Amino acid sequence: MAASAPKRRRKIRRRADMSLIGGIRPPIAVLSALLLSLAGITALTFGKTENVLVPKAVLTSQQHFAEDGAVALRASLDESVTDLDRTAILFSEGKPVSADAVLDKTGSVYQKWSGTAVIEIKSGKLLAARGETVPLTVIDRTKLSGKDGLKPRLVRLQNGQTRLIALALLSWKGQPQQLLIASSNLKVPGMRLSETRGIGVVDSTGTILSSDGALDSERAQAELKDFATISAKKSRQNPISSKEPGSGGYAGVSGSLTGDASGDRRTVAGYASLAAAEPGESTVASGLGLSIVTQVGITERASQLARPAFGLAAAGALLVIGGLAIAVLLGTVQRPLIRLFLESRRLTRGDLARPVTVPRFGEAARIGRALERLRQQLRGEAPEDADGTAGARGGRRLGTRALVAVSAVLLLTWSVPLTLLLNRPSSSVHIPAQVVADQKARTETISDRVRRALNEGHADLSAIAALIGNRTSAEDMADVLDRTIEEHPRYESVYVLSGDGEVLARAGDDPHHSSGERPADQPLKVSGHGGKKPVIRATAPLQGKAGAAVVGEFDIDFVNALLRRDGLGQVRVIDAEGRTIAGNSGYLAFEKMPGHLSPLVDRKQAHAKVQRGDDVRIAAAAPMTGGGAAKVLDWSVVSWQPASRLDIPAYTLQNRTVLVGLLGLTAAAACLGWLHIVVVRPLRALADQAEALAGGDRRTVLFPRHHDEVGAVVRSLELIRQQLQEQQRGGRDGSRSLAGRN
């Protein structure tokens with residue numbers, strides 16, 4: 001028995017030592033390390049002066065500008081190839097017509113090709129031609145039946161220009177097969193170029209196939225060649241691996257470049273490869289290996305991104321405030337708990353001579369008073385404060401939770417001002433002029449994209465109407481309409497109306513057509529006012545059928561998709577009365593546009609402006625100028641975004657300040673929350689258990705929940721409870737023995 005006692009004591013000692021690994025020390029130690037690290041981050045983030053000559057917002061804007069050009073060129077080339085294929089199919093399904101009739105009808109509907117021609121495949125004879133001379137010598141007539149025989153191809157002309165050659169078969173029963181050929185230039189459609197901006201189309205080797213804009217000087221041409229070489233190399237990357245994880249955005253490869261400076265002028269560029277609308281998909285244009293490069297000259301303006309004095313002051317304040325918070329935790333929570341742990345171990349070892357040192361605050365004081373009463377009970381003395389009520393009431397005035405809350409308040413006094421108040425740019429913050437100019441130019445490009453898409457839709461219907469006029473069967477007409485719906489997602493429904501408003505054939509969803517409603521006189525018309533969405537109708541009269549017409553209702557989501565471009569903010573299409581027709585984000589159909597945009601809308605020219613007030617905004621508006629069926633709509637495109645979204649020095653400094661403040665809040669919440677869970681809550685339960693044991697509860701067994709300081713005190717109280725039980729049992733046995741002798 002004597003040998004087992006030291007072994008038992010060694011076991012208890014090992015458990016007590018293990019408890020010090022966890023418990024109260026790790027949260028406070030981690031909080032101290034995090035605050036020191038955060039002070040260093042604050043000093044380094046704001047303490048090093050960094051003069052920004054070209055704000056990142058300007059570079060990002062060039063990247064988005066190049067992406068817009070790539071989207072416009074890819075859509076134009078794909079549309080040209082698709083239209084040529086569909087035109088050849090529609091002609092082939094009808095009665096044979098002459099080559100001149102094919103080109104005349106095609107040219108009257110579509111004005112997109114530089115040159116068109118029809119040749120007889122077997123003999124190679126040129127049957128008809130329109131526009132510029134089509135390079136027929138590059139076409140191998142013996143390989144047209146292969147898999148890639150009719151595949152579009154790029155051809156370099158003798159004058160140095162490059163054309164995209166598209167091919168389609170014309171075949172009628174009993175007649176020799178013919179080949180419909182169309183050539184398209186590689187000029188980016190609809191791009192608004194300033195006096196200092198140039199743009200080029202580049203192939204996979206870095207060769208410039210087409211260029212436009214401010215490229216008159218040798219320096220500008222040399223810079224474009226350099227940018228083209230770099231962009232071609234970068235565009236060969238995988239689009240996924242070329243971006244930062246989670247960045248999303250453009251489906252292809254895109255980025256920005258910086259050129260050499262000349263005085264206070266520097267050339268910046270953006271590049272983007274032609275890519276399909278959805279990642280992983282492929283189109284004719286995206287498979288050509290082309291890229292868009294755009295460059296512009298800007299005036300450099302030095303901006304200070306950091307404030308050394310502010311960084312040093314913020315770091316010093318954090319060290320002082322954090323030191324006070326750690327001192328509060330060490331002096332009022334950690335040290336009293338460790339003292340209780342040592343005092344409870346002393347009592348379990350039988351050292352009852354010295355009174356228990358009682359802490360001054362919170363639950364530790366309650367536990368200390370309970371231990372003192374238990375010491376007196378183990379010695380067989382009457383406790384001085386038998387009920388313990390006075391001491392308990394005094395200790396409950398300021399609990400451990402309040403002490404932890406004091407530390408939290410100290411840390412909040414540093415973090416909250418950084419998060420919510422400091423380094424906020426004023427309304428006079430400088431916005432780079434190039435960013436404002438790009439907002440205007442990109443809004444004009446979006447406006448042109450919408451106009452071209454509506455014109456293309458009406459042209460498709462005109463082509464169908466020209467070829468469906470001699471079809472009398474509703475089934476034949478429905479077949480053509482079904483193919484149109486499958487090939488063009490822009491339509492929600494397509495149908496043929498008779499002169500008295502009767503639907504003769506339809507495809508797609510149910511049309512928004514009232515019975516007896518005759519075809520509209522205008523090529524494009526908007527209805528559905530007061531409903532959930534606008535109904536945009538395109539109408540093309542049928543040839544040979546008086547009053548009849550082909551009507552296509554555009555899918556509003558198709559129009560909305562044209563407006564979704566990164567870096568433009570909110571984009572809306574509005575009509576002549578300022579009502580919303582489409583948008584790139586949530587909106588209500590036919591709602592009035594925001595009042596701050598009204599002064600910008602001019603039906604003759606585009607405008608852009610920095611609007612200052614409580615929130616600084618960049619806004620632009622561009623009317624849908626140009627010819628085509630969409631001209632009758634009199635629409636405009638408006639865009640606006642808060643300047644705080646731009647990556648310019650003033651807002652970058654604000655973002656860094658907010659980030660540092662949030663890091664401070666996170667560190668305080670994590671460590672103090674950790675401390676509350678592993679120490680404060682168990683300590684409150686322990687105080688109740690200790691007072692109950694000191695009050696005479698000998699039946700409740702005490703179990704430690706964790707192997708830490710609080711758990712060690714619980715184990716000591718359990719040993720004391722067992723000793724008191726044995727003492728009480730011995731007293732009863734002695735009383736019975738004495739009574740038996742009497």
# chains A, B, ... in the order shown; residues from 1 in each chain; ligands from 1
>>> select_by_dssp(residues="segment 649-741 of chain A", states="helix (DSSP H, G or I)", output="PyMOL selection string")
chain A and resi 649-694+709-741
>>> residues_around(residues="segment 410-422 of chain A", least_positions_apart="4", cutoff="12 Å", atoms="only C-alpha atoms", output="MDAnalysis selection string")
chainID A and resid 31:32 35 38:39 42 310:311 313:329 403:406 426 650:651 653:669 671:672
>>> select_by_dssp(residues="segment 493-684 of chain A", states="strand (DSSP E)", output="PyMOL selection string")
chain A and resi 493-497+503-508+524-527+535-541+549-554+570-574+580-583+607-611+617-623+636-642
>>> write_last_selection(atoms="C-alpha atoms", output="compact mmCIF listing (two decimals), in the first residue's frame")
# COMPACT_ATOMS: atom_id res chain seq x y z
CA SER A 493 -40.36 32.61 -81.01
CA VAL A 494 -40.62 32.97 -84.79
CA TYR A 495 -43.88 32.84 -86.72
CA VAL A 496 -45.52 33.72 -90.03
CA LEU A 497 -48.48 36.13 -89.95
CA VAL A 503 -50.58 32.76 -87.41
CA LEU A 504 -49.84 30.46 -90.36
CA ALA A 505 -46.79 28.69 -88.89
CA ARG A 506 -44.62 29.13 -85.82
CA ALA A 507 -41.62 27.76 -83.93
CA GLY A 508 -40.32 28.25 -80.41
CA LEU A 524 -38.57 46.64 -85.07
CA LYS A 525 -41.13 47.43 -82.40
CA VAL A 526 -41.38 47.11 -78.60
CA SER A 527 -44.57 46.11 -76.80
CA VAL A 535 -41.42 42.14 -76.16
CA ILE A 536 -39.08 43.14 -78.99
CA ARG A 537 -40.53 42.17 -82.38
CA ALA A 538 -38.74 42.15 -85.71
CA THR A 539 -40.98 42.05 -88.78
CA ALA A 540 -39.97 41.25 -92.37
CA PRO A 541 -42.64 41.24 -95.12
CA ALA A 549 -44.77 38.80 -92.81
CA VAL A 550 -42.29 36.77 -90.82
CA VAL A 551 -42.13 37.93 -87.19
CA GLY A 552 -39.41 37.13 -84.69
CA GLU A 553 -39.64 37.92 -80.98
CA PHE A 554 -36.23 38.44 -79.41
CA GLN A 570 -24.48 48.70 -64.12
CA VAL A 571 -25.54 48.79 -67.78
CA ARG A 572 -29.03 49.56 -69.05
CA VAL A 573 -30.71 49.92 -72.44
CA ILE A 574 -33.29 52.70 -72.30
CA THR A 580 -35.45 50.44 -69.05
CA ILE A 581 -35.64 47.80 -71.78
CA ALA A 582 -32.72 45.54 -70.81
CA GLY A 583 -29.88 45.40 -68.30
CA HIS A 607 -21.07 61.45 -72.95
CA ALA A 608 -19.14 60.42 -69.83
CA LYS A 609 -18.75 62.18 -66.51
CA VAL A 610 -17.45 61.76 -62.97
CA GLN A 611 -20.44 62.46 -60.72
CA ARG A 617 -19.54 57.58 -59.68
CA ILE A 618 -18.37 57.26 -63.26
CA ALA A 619 -21.29 57.35 -65.68
CA ALA A 620 -21.57 57.24 -69.46
CA ALA A 621 -24.34 57.19 -72.04
CA ALA A 622 -24.24 56.39 -75.76
CA PRO A 623 -27.11 56.53 -78.29
CA SER A 636 -29.49 54.50 -75.74
CA VAL A 637 -27.14 52.53 -73.53
CA VAL A 638 -26.14 53.94 -70.15
CA SER A 639 -23.57 52.62 -67.70
CA TRP A 640 -22.38 53.67 -64.27
CA GLN A 641 -20.23 52.32 -61.48
CA PRO A 642 -19.00 53.59 -58.12
>>> residues_around(residues="Ala66 of chain A", least_positions_apart="6", cutoff="8 Å", atoms="only C-alpha atoms", output="list in words")
Ser254, Gly270, Tyr271, Ala272, Ile292, Val293 and Thr294 of chain A
>>> closest_residue(among="A:Gln723, A:Thr87, A:Gly149, A:Gly530", to="Val109 of chain A", atoms="only C-alpha atoms")
A:Thr87
>>> residues_around(residues="Gly567 of chain A", least_positions_apart="4", cutoff="9 Å", atoms="only C-alpha atoms", output="PyMOL selection string")
chain A and resi 60-61+64+439+641+645-646
>>> atom_distance(atom1="atom CA of Thr348 of chain A", atom2="atom CA of Val713 of chain A")
10.2 Å
>>> residues_around(residues="Ala222 of chain A", least_positions_apart="3", cutoff="12 Å", atoms="only C-alpha atoms", output="PyMOL selection string")
chain A and resi 198+208+215-219+225-229+259-260+267+295
>>> write_last_selection(atoms="C-alpha atoms", output="PDB file, in the first residue's frame")
ATOM      1  CA  GLY A 198      -4.616  51.989 -81.852  1.00  0.00           C
ATOM      2  CA  ILE A 208      -0.430  41.865 -87.254  1.00  0.00           C
ATOM      3  CA  LEU A 215      -0.688  54.201 -85.716  1.00  0.00           C
ATOM      4  CA  ASP A 216       0.734  56.871 -87.997  1.00  0.00           C
ATOM      5  CA  SER A 217       4.084  57.271 -86.264  1.00  0.00           C
ATOM      6  CA  GLU A 218       6.887  54.731 -86.502  1.00  0.00           C
ATOM      7  CA  ARG A 219       7.087  54.587 -82.702  1.00  0.00           C
ATOM      8  CA  LYS A 225       4.489  45.031 -83.010  1.00  0.00           C
ATOM      9  CA  ASP A 226       6.173  44.508 -79.645  1.00  0.00           C
ATOM     10  CA  PHE A 227       2.827  44.194 -77.892  1.00  0.00           C
ATOM     11  CA  ALA A 228       1.605  41.826 -80.619  1.00  0.00           C
ATOM     12  CA  THR A 229       4.588  39.499 -80.131  1.00  0.00           C
ATOM     13  CA  GLY A 259       5.378  50.073 -72.743  1.00  0.00           C
ATOM     14  CA  ASP A 260       8.250  52.514 -72.581  1.00  0.00           C
ATOM     15  CA  THR A 267       1.964  53.610 -73.725  1.00  0.00           C
ATOM     16  CA  GLN A 295      -2.739  50.416 -77.084  1.00  0.00           C
TER      17      GLN A 295
END
>>> residues_around(residues="Ala561 of chain A", least_positions_apart="4", cutoff="9 Å", atoms="only C-alpha atoms", output="PyMOL selection string")
chain A and resi 556-557+565+583-584
>>> write_last_selection(atoms="N, CA and C atoms", output="short mmCIF file (atom, residue, chain, number, x, y, z; two decimals), in the first residue's frame")
data_model
loop_
_atom_site.label_atom_id
_atom_site.label_comp_id
_atom_site.auth_asym_id
_atom_site.auth_seq_id
_atom_site.Cartn_x
_atom_site.Cartn_y
_atom_site.Cartn_z
N ILE A 556 -35.34 38.35 -74.43
CA ILE A 556 -34.76 39.48 -73.71
C ILE A 556 -33.47 39.09 -73.01
N ASP A 557 -33.33 37.80 -72.65
CA ASP A 557 -32.07 37.36 -72.03
C ASP A 557 -30.91 37.44 -73.02
N ARG A 565 -20.51 42.86 -69.42
CA ARG A 565 -19.09 43.03 -69.63
C ARG A 565 -18.44 43.45 -68.32
N GLY A 583 -30.95 45.07 -69.23
CA GLY A 583 -29.88 45.40 -68.30
C GLY A 583 -29.00 44.20 -68.03
N ASN A 584 -27.83 44.46 -67.47
CA ASN A 584 -26.90 43.37 -67.19
C ASN A 584 -27.06 42.81 -65.79
#
>>> decode(residues="segment 485-496 of chain A", atoms="all heavy atoms", output="PDB file, in the first residue's frame")
ATOM      1  N   ILE A 485     -34.853  28.767 -85.312  1.00  0.00           N
ATOM      2  CA  ILE A 485     -34.812  28.768 -83.841  1.00  0.00           C
ATOM      3  C   ILE A 485     -33.607  27.983 -83.334  1.00  0.00           C
ATOM      4  O   ILE A 485     -32.935  28.385 -82.370  1.00  0.00           O
ATOM      5  CB  ILE A 485     -36.117  28.179 -83.266  1.00  0.00           C
ATOM      6  CG1 ILE A 485     -37.267  29.180 -83.408  1.00  0.00           C
ATOM      7  CG2 ILE A 485     -35.952  27.767 -81.819  1.00  0.00           C
ATOM      8  CD1 ILE A 485     -37.157  30.370 -82.459  1.00  0.00           C
ATOM      9  N   GLU A 486     -33.299  26.872 -83.971  1.00  0.00           N
ATOM     10  CA  GLU A 486     -32.166  26.047 -83.540  1.00  0.00           C
ATOM     11  C   GLU A 486     -30.831  26.742 -83.775  1.00  0.00           C
ATOM     12  O   GLU A 486     -29.916  26.644 -82.965  1.00  0.00           O
ATOM     13  CB  GLU A 486     -32.191  24.709 -84.285  1.00  0.00           C
ATOM     14  CG  GLU A 486     -33.355  23.805 -83.902  1.00  0.00           C
ATOM     15  CD  GLU A 486     -33.386  22.536 -84.729  1.00  0.00           C
ATOM     16  OE1 GLU A 486     -32.482  22.371 -85.579  1.00  0.00           O
ATOM     17  OE2 GLU A 486     -34.298  21.721 -84.535  1.00  0.00           O
ATOM     18  N   GLU A 487     -30.717  27.456 -84.905  1.00  0.00           N
ATOM     19  CA  GLU A 487     -29.444  28.084 -85.252  1.00  0.00           C
ATOM     20  C   GLU A 487     -29.225  29.399 -84.522  1.00  0.00           C
ATOM     21  O   GLU A 487     -28.075  29.804 -84.319  1.00  0.00           O
ATOM     22  CB  GLU A 487     -29.383  28.324 -86.762  1.00  0.00           C
ATOM     23  CG  GLU A 487     -29.342  27.046 -87.586  1.00  0.00           C
ATOM     24  CD  GLU A 487     -29.371  27.334 -89.070  1.00  0.00           C
ATOM     25  OE1 GLU A 487     -29.646  28.513 -89.425  1.00  0.00           O
ATOM     26  OE2 GLU A 487     -29.127  26.416 -89.863  1.00  0.00           O
ATOM     27  N   HIS A 488     -30.289  30.072 -84.087  1.00  0.00           N
ATOM     28  CA  HIS A 488     -30.157  31.404 -83.498  1.00  0.00           C
ATOM     29  C   HIS A 488     -30.878  31.458 -82.160  1.00  0.00           C
ATOM     30  O   HIS A 488     -32.108  31.512 -82.100  1.00  0.00           O
ATOM     31  CB  HIS A 488     -30.731  32.470 -84.440  1.00  0.00           C
ATOM     32  CG  HIS A 488     -29.981  32.589 -85.727  1.00  0.00           C
ATOM     33  ND1 HIS A 488     -28.745  33.181 -85.812  1.00  0.00           N
ATOM     34  CD2 HIS A 488     -30.279  32.168 -86.977  1.00  0.00           C
ATOM     35  CE1 HIS A 488     -28.315  33.134 -87.056  1.00  0.00           C
ATOM     36  NE2 HIS A 488     -29.224  32.523 -87.786  1.00  0.00           N
ATOM     37  N   PRO A 489     -30.128  31.461 -81.053  1.00  0.00           N
ATOM     38  CA  PRO A 489     -30.761  31.554 -79.733  1.00  0.00           C
ATOM     39  C   PRO A 489     -31.298  32.946 -79.428  1.00  0.00           C
ATOM     40  O   PRO A 489     -31.881  33.147 -78.360  1.00  0.00           O
ATOM     41  CB  PRO A 489     -29.598  31.204 -78.784  1.00  0.00           C
ATOM     42  CG  PRO A 489     -28.364  31.580 -79.531  1.00  0.00           C
ATOM     43  CD  PRO A 489     -28.668  31.317 -80.970  1.00  0.00           C
ATOM     44  N   ARG A 490     -31.122  33.884 -80.365  1.00  0.00           N
ATOM     45  CA  ARG A 490     -31.598  35.239 -80.089  1.00  0.00           C
ATOM     46  C   ARG A 490     -33.123  35.328 -80.095  1.00  0.00           C
ATOM     47  O   ARG A 490     -33.686  36.255 -79.520  1.00  0.00           O
ATOM     48  CB  ARG A 490     -31.031  36.228 -81.108  1.00  0.00           C
ATOM     49  CG  ARG A 490     -31.461  35.956 -82.536  1.00  0.00           C
ATOM     50  CD  ARG A 490     -31.181  37.159 -83.434  1.00  0.00           C
ATOM     51  NE  ARG A 490     -29.786  37.521 -83.473  1.00  0.00           N
ATOM     52  CZ  ARG A 490     -28.941  37.183 -84.431  1.00  0.00           C
ATOM     53  NH1 ARG A 490     -29.388  36.418 -85.427  1.00  0.00           N
ATOM     54  NH2 ARG A 490     -27.697  37.567 -84.419  1.00  0.00           N
ATOM     55  N   TYR A 491     -33.780  34.366 -80.745  1.00  0.00           N
ATOM     56  CA  TYR A 491     -35.236  34.432 -80.857  1.00  0.00           C
ATOM     57  C   TYR A 491     -35.908  33.596 -79.773  1.00  0.00           C
ATOM     58  O   TYR A 491     -35.472  32.480 -79.468  1.00  0.00           O
ATOM     59  CB  TYR A 491     -35.711  33.932 -82.226  1.00  0.00           C
ATOM     60  CG  TYR A 491     -35.140  34.692 -83.395  1.00  0.00           C
ATOM     61  CD1 TYR A 491     -34.250  34.083 -84.269  1.00  0.00           C
ATOM     62  CD2 TYR A 491     -35.499  36.017 -83.617  1.00  0.00           C
ATOM     63  CE1 TYR A 491     -33.728  34.768 -85.343  1.00  0.00           C
ATOM     64  CE2 TYR A 491     -34.971  36.716 -84.693  1.00  0.00           C
ATOM     65  CZ  TYR A 491     -34.079  36.088 -85.554  1.00  0.00           C
ATOM     66  OH  TYR A 491     -33.559  36.776 -86.611  1.00  0.00           O
ATOM     67  N   GLU A 492     -36.980  34.134 -79.238  1.00  0.00           N
ATOM     68  CA  GLU A 492     -37.827  33.374 -78.322  1.00  0.00           C
ATOM     69  C   GLU A 492     -38.903  32.629 -79.100  1.00  0.00           C
ATOM     70  O   GLU A 492     -39.275  31.510 -78.753  1.00  0.00           O
ATOM     71  CB  GLU A 492     -38.468  34.329 -77.305  1.00  0.00           C
ATOM     72  CG  GLU A 492     -39.158  33.640 -76.145  1.00  0.00           C
ATOM     73  CD  GLU A 492     -39.663  34.636 -75.129  1.00  0.00           C
ATOM     74  OE1 GLU A 492     -40.466  35.530 -75.518  1.00  0.00           O
ATOM     75  OE2 GLU A 492     -39.265  34.553 -73.958  1.00  0.00           O
ATOM     76  N   SER A 493     -39.390  33.249 -80.131  1.00  0.00           N
ATOM     77  CA  SER A 493     -40.362  32.606 -81.015  1.00  0.00           C
ATOM     78  C   SER A 493     -40.289  33.271 -82.386  1.00  0.00           C
ATOM     79  O   SER A 493     -39.951  34.459 -82.497  1.00  0.00           O
ATOM     80  CB  SER A 493     -41.790  32.722 -80.453  1.00  0.00           C
ATOM     81  OG  SER A 493     -42.195  34.077 -80.379  1.00  0.00           O
ATOM     82  N   VAL A 494     -40.576  32.477 -83.412  1.00  0.00           N
ATOM     83  CA  VAL A 494     -40.617  32.967 -84.791  1.00  0.00           C
ATOM     84  C   VAL A 494     -41.896  32.429 -85.416  1.00  0.00           C
ATOM     85  O   VAL A 494     -42.209  31.234 -85.269  1.00  0.00           O
ATOM     86  CB  VAL A 494     -39.381  32.504 -85.605  1.00  0.00           C
ATOM     87  CG1 VAL A 494     -39.433  33.060 -87.024  1.00  0.00           C
ATOM     88  CG2 VAL A 494     -38.095  32.929 -84.923  1.00  0.00           C
ATOM     89  N   TYR A 495     -42.618  33.281 -86.124  1.00  0.00           N
ATOM     90  CA  TYR A 495     -43.883  32.837 -86.716  1.00  0.00           C
ATOM     91  C   TYR A 495     -44.178  33.643 -87.974  1.00  0.00           C
ATOM     92  O   TYR A 495     -43.607  34.721 -88.203  1.00  0.00           O
ATOM     93  CB  TYR A 495     -45.042  32.943 -85.720  1.00  0.00           C
ATOM     94  CG  TYR A 495     -45.157  34.259 -84.990  1.00  0.00           C
ATOM     95  CD1 TYR A 495     -46.020  35.256 -85.439  1.00  0.00           C
ATOM     96  CD2 TYR A 495     -44.409  34.513 -83.842  1.00  0.00           C
ATOM     97  CE1 TYR A 495     -46.141  36.449 -84.765  1.00  0.00           C
ATOM     98  CE2 TYR A 495     -44.525  35.707 -83.157  1.00  0.00           C
ATOM     99  CZ  TYR A 495     -45.389  36.677 -83.625  1.00  0.00           C
ATOM    100  OH  TYR A 495     -45.506  37.868 -82.960  1.00  0.00           O
ATOM    101  N   VAL A 496     -45.084  33.086 -88.787  1.00  0.00           N
ATOM    102  CA  VAL A 496     -45.521  33.725 -90.027  1.00  0.00           C
ATOM    103  C   VAL A 496     -46.944  34.219 -89.827  1.00  0.00           C
ATOM    104  O   VAL A 496     -47.829  33.454 -89.413  1.00  0.00           O
ATOM    105  CB  VAL A 496     -45.454  32.737 -91.212  1.00  0.00           C
ATOM    106  CG1 VAL A 496     -45.982  33.408 -92.483  1.00  0.00           C
ATOM    107  CG2 VAL A 496     -44.024  32.243 -91.415  1.00  0.00           C
TER     108      VAL A 496
END
